[in-house]
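Encoded as structure tokens, the structure appears first; notes follow it.
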Amino acid sequence: MPEGHTVRRLADVFQRDFRGQALRVSSPQGRFAEGAALLDGTELRRAEAHGKQMFLGFEGGRWLRVHLGLYGKWAFGTGEPPEPRGALRVRLLGPGADGAGVWADLRGPTACEVVTTGEKEAARAKLGPDPLRRDGDAGAFADRVARSRTSIAAQLMDQAVVAGVGNVYRAEVLFRARTDPFAPGVEVGRDRALAMWDDLVVLLRDGVKRGAIVTTLPADRPAGHRRGRVRREDAHYVYRRHGLPCRVCGATVLTREVVGRNLFWCPVCQAGLPELPSEPLDLTAGADLDASARAQRT
DNA sequence: TTGGGATGTCGAT
DNA sequence: TCGACCTCCCAAT
């Protein structure tokens, strides 16, 4: 799922397996042929993620900017790459650490272009703070939210307000903060926005480790499924659970299309702005979760 | 086996 | 406001 945690994991793969190598760059599909020619044969210097955007920095001051959009995908492997099939926008080939070869195939991205360092920074400047980045500025996020009459649900989907949050994290962080999605930012206020930021840090970091979005606390999963691997159907509180009973209060979870995207919420738990717990909800507490995260990281 | 929807954004109209 | 992107997953047949 390409929300911020996915993009961070992809950047980590490039940092670990491709950095420092001169790469062969091609576009079997042809749509990226010009850009591929600019990068072909140059060394990958670093990989960086900001929100849902990834930047691969090559020698010569050129960056490959990639946005996966709804269904863009990277596939990776070692040794000989497979015969190109389908709409293969970009293929990267490197010698690999052991000389056996590494490859990366990109399909279906919304954005894939070669930019200068200045253009890359301009793209980053359009994005809000990223809860996964060390330079992520919680105060800037909270101030912006609290200054606007726009609903908190709309602001969480605005990449200029906070970068890396998508439709799943939006629905889930609103539930975990027991916050009415339709409340204007000015009513949500700075303190509540800061608490939601802290929770996004917890959720996104867990997503990076796990490679999946899990937001439910063990106590809110069905009895018998609180330990070990988290089943897909137990992973969320409200996202795509419309018509089902809320895990906390039993009320029916609702959905409604808001500016082209489906919003999910519990009309009872998220009625108004009830008082928040003082500590962030620590998802990673409990040996059961740690064991499951380790098992999936193979 | 077929078909619809999805984690997202952008450019044309 | 709508189509493009053109993949993956799951439900319906």
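Residues in the structure tokens are named by chain (A, B, ... in the order shown) and by number from 1 within that chain; ligands are numbered from 1 in the order shown.
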
Using only C-alpha atoms (C1' of nucleotides), find the residues of chain A whose closest atom to chain C is at most 12 Å away, then write them as a compact mmCIF listing (two decimals) with N, CA and C atoms, in the first residue's frame.
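Writing the result to iface_37.txt gives the following:
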```txt
# COMPACT_ATOMS: atom_id res chain seq x y z
N MET A 1 0.83 -1.20 0.00
CA MET A 1 0.00 0.00 0.00
C MET A 1 0.87 1.25 0.00
N HIS A 67 6.76 8.98 -8.09
CA HIS A 67 5.56 8.89 -7.26
C HIS A 67 4.73 7.72 -7.77
N LEU A 68 4.45 6.79 -6.89
CA LEU A 68 3.78 5.55 -7.34
C LEU A 68 2.31 5.75 -7.65
N GLY A 69 1.69 6.79 -7.09
CA GLY A 69 0.26 6.94 -7.31
C GLY A 69 -0.50 5.79 -6.67
N LEU A 70 -1.62 5.44 -7.30
CA LEU A 70 -2.51 4.45 -6.70
C LEU A 70 -1.97 3.03 -6.84
N TYR A 71 -1.36 2.69 -7.99
CA TYR A 71 -0.94 1.31 -8.16
C TYR A 71 0.42 1.13 -8.80
N GLY A 72 1.24 2.17 -8.73
CA GLY A 72 2.62 1.97 -9.17
C GLY A 72 3.31 0.95 -8.29
N LYS A 73 4.28 0.23 -8.86
CA LYS A 73 4.96 -0.83 -8.10
C LYS A 73 6.44 -0.90 -8.47
N TRP A 74 7.29 -1.14 -7.47
CA TRP A 74 8.67 -1.54 -7.70
C TRP A 74 8.78 -3.03 -7.42
N ALA A 75 9.52 -3.72 -8.29
CA ALA A 75 9.86 -5.13 -8.02
C ALA A 75 11.38 -5.23 -8.02
N GLY A 86 4.78 -6.56 -19.94
CA GLY A 86 3.86 -5.50 -19.56
C GLY A 86 4.48 -4.13 -19.73
N ALA A 87 3.90 -3.15 -19.05
CA ALA A 87 4.34 -1.76 -19.20
C ALA A 87 5.45 -1.47 -18.21
N LEU A 88 6.68 -1.83 -18.61
CA LEU A 88 7.83 -1.67 -17.71
C LEU A 88 8.47 -0.31 -17.97
N ARG A 89 8.15 0.65 -17.09
CA ARG A 89 8.59 2.03 -17.30
C ARG A 89 10.10 2.18 -17.15
N LEU A 106 10.20 -0.80 -12.36
CA LEU A 106 9.12 0.13 -11.97
C LEU A 106 7.99 0.08 -12.99
N ARG A 107 6.78 -0.15 -12.50
CA ARG A 107 5.59 -0.17 -13.37
C ARG A 107 4.53 0.80 -12.84
N GLY A 108 3.82 1.44 -13.75
CA GLY A 108 2.60 2.17 -13.42
C GLY A 108 2.71 3.37 -12.51
N PRO A 109 3.85 4.09 -12.48
CA PRO A 109 3.92 5.24 -11.57
C PRO A 109 3.12 6.42 -12.11
N THR A 110 2.68 7.29 -11.21
CA THR A 110 2.04 8.55 -11.61
C THR A 110 3.10 9.53 -12.08
N ALA A 111 4.24 9.55 -11.40
CA ALA A 111 5.33 10.47 -11.77
C ALA A 111 6.63 9.70 -11.85
N CYS A 112 7.41 9.98 -12.88
CA CYS A 112 8.73 9.37 -13.05
C CYS A 112 9.50 10.29 -13.97
N VAL A 259 -14.77 14.50 -1.15
CA VAL A 259 -13.85 14.92 -2.22
C VAL A 259 -13.18 13.73 -2.93
N GLY A 260 -14.04 12.84 -3.44
CA GLY A 260 -13.56 11.77 -4.30
C GLY A 260 -12.95 10.57 -3.60
```

With 7 Å as the limit and counting only C-alpha atoms (C1' of nucleotides), what residues in chain B lie close to chain A? Please list them as a list in words.
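Selected residues: DT7, DG8 and DT9 of chain B.
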
Dump as a compact mmCIF listing (two decimals), in the first residue's frame, selection limited to C-alpha atoms (C1' of nucleotides):
```
# COMPACT_ATOMS: atom_id res chain seq x y z
C1' DT B 7 -3.57 2.83 -0.81
C1' DG B 8 -3.04 8.87 -5.33
C1' DT B 9 -1.96 12.52 -8.15
```

Write out as a VMD selection string all residues of stretch 24-247 of chain A that backbone DSSP assigns to helix (DSSP H, G or I).
chain A and resid 33 to 39 117 to 125 138 to 147 152 to 156 167 to 176 185 to 210 218 to 220 232 to 234

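For stretch 68-127 of chain A, backbone-based DSSP labels the following residues as strand (DSSP E): Lys73, Trp74, Ala75, Phe76, Gly77, Thr78, Leu88, Arg89, Val90, Arg91, Leu92, Leu93, Gly94, Val102, Trp103, Ala104, Asp105, Leu106, Arg107, Ala111, Cys112, Glu113, Val114, Val115 and Thr116 of chain A.
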
Restrict the selected residues to N, CA and C atoms and save them as a compact mmCIF listing (two decimals), in the first residue's frame.
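Written file, again.txt:
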```
# COMPACT_ATOMS: atom_id res chain seq x y z
N LYS A 73 4.28 0.23 -8.86
CA LYS A 73 4.96 -0.83 -8.10
C LYS A 73 6.44 -0.90 -8.47
N TRP A 74 7.29 -1.14 -7.47
CA TRP A 74 8.67 -1.54 -7.70
C TRP A 74 8.78 -3.03 -7.42
N ALA A 75 9.52 -3.72 -8.29
CA ALA A 75 9.86 -5.13 -8.02
C ALA A 75 11.38 -5.23 -8.02
N PHE A 76 11.91 -6.05 -7.11
CA PHE A 76 13.36 -6.18 -6.96
C PHE A 76 13.78 -7.63 -7.09
N GLY A 77 15.06 -7.82 -7.48
CA GLY A 77 15.59 -9.18 -7.49
C GLY A 77 17.09 -9.17 -7.65
N THR A 78 17.67 -10.35 -7.54
CA THR A 78 19.12 -10.50 -7.75
C THR A 78 19.36 -11.46 -8.91
N LEU A 88 6.68 -1.83 -18.61
CA LEU A 88 7.83 -1.67 -17.71
C LEU A 88 8.47 -0.31 -17.97
N ARG A 89 8.15 0.65 -17.09
CA ARG A 89 8.59 2.03 -17.30
C ARG A 89 10.10 2.18 -17.15
N VAL A 90 10.63 1.60 -16.07
CA VAL A 90 12.06 1.75 -15.79
C VAL A 90 12.63 0.42 -15.31
N ARG A 91 13.82 0.10 -15.83
CA ARG A 91 14.58 -1.01 -15.26
C ARG A 91 15.95 -0.50 -14.87
N LEU A 92 16.35 -0.78 -13.62
CA LEU A 92 17.68 -0.43 -13.13
C LEU A 92 18.45 -1.72 -12.92
N LEU A 93 19.68 -1.75 -13.43
CA LEU A 93 20.54 -2.92 -13.24
C LEU A 93 21.84 -2.48 -12.61
N GLY A 94 22.27 -3.22 -11.56
CA GLY A 94 23.55 -2.92 -10.92
C GLY A 94 24.36 -4.19 -10.75
N VAL A 102 21.95 -6.96 -9.36
CA VAL A 102 20.69 -6.61 -8.70
C VAL A 102 19.86 -5.87 -9.73
N TRP A 103 18.55 -5.99 -9.64
CA TRP A 103 17.68 -5.26 -10.57
C TRP A 103 16.46 -4.71 -9.84
N ALA A 104 15.92 -3.63 -10.44
CA ALA A 104 14.70 -3.01 -9.91
C ALA A 104 13.83 -2.62 -11.10
N ASP A 105 12.57 -3.04 -11.09
CA ASP A 105 11.62 -2.74 -12.16
C ASP A 105 10.50 -1.86 -11.63
N LEU A 106 10.20 -0.80 -12.36
CA LEU A 106 9.12 0.13 -11.97
C LEU A 106 7.99 0.08 -12.99
N ARG A 107 6.78 -0.15 -12.50
CA ARG A 107 5.59 -0.17 -13.37
C ARG A 107 4.53 0.80 -12.84
N ALA A 111 4.24 9.55 -11.40
CA ALA A 111 5.33 10.47 -11.77
C ALA A 111 6.63 9.70 -11.85
N CYS A 112 7.41 9.98 -12.88
CA CYS A 112 8.73 9.37 -13.05
C CYS A 112 9.50 10.29 -13.97
N GLU A 113 10.40 11.11 -13.40
CA GLU A 113 11.10 12.09 -14.23
C GLU A 113 12.47 12.39 -13.64
N VAL A 114 13.36 12.84 -14.51
CA VAL A 114 14.69 13.27 -14.08
C VAL A 114 14.63 14.76 -13.80
N VAL A 115 15.08 15.16 -12.61
CA VAL A 115 15.05 16.58 -12.23
C VAL A 115 16.42 17.00 -11.69
N THR A 116 16.63 18.32 -11.65
CA THR A 116 17.85 18.86 -11.05
C THR A 116 17.69 18.89 -9.52
```

Atom CA of A:Arg226 to atom CA of A:Asp206: how many Å, to one decimal?
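Between atom CA of A:Arg226 and atom CA of A:Asp206 the gap works out to 16.8 Å.
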
Give me the residues within 7 Å of A:His236 as a PDB file with C-alpha atoms, in the first residue's frame, counting only C-alpha atoms (C1' of nucleotides) and dropping any in the same chain fewer than 5 places off.
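Contents of the output file selection_39.pdb:
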```pdb
ATOM      1  CA  GLU A 172      -7.317   5.196  11.484  1.00  0.00           C
ATOM      2  CA  VAL A 214      -1.796  -2.178  11.522  1.00  0.00           C
ATOM      3  CA  THR A 215      -3.514   0.255  13.864  1.00  0.00           C
ATOM      4  CA  THR A 216      -5.512  -1.903  16.281  1.00  0.00           C
TER       5      THR A 216
END
```

In Å, with one decimal, what is the gap from atom CA of A:Arg24 to atom CA of A:Leu39?
8.0 Å
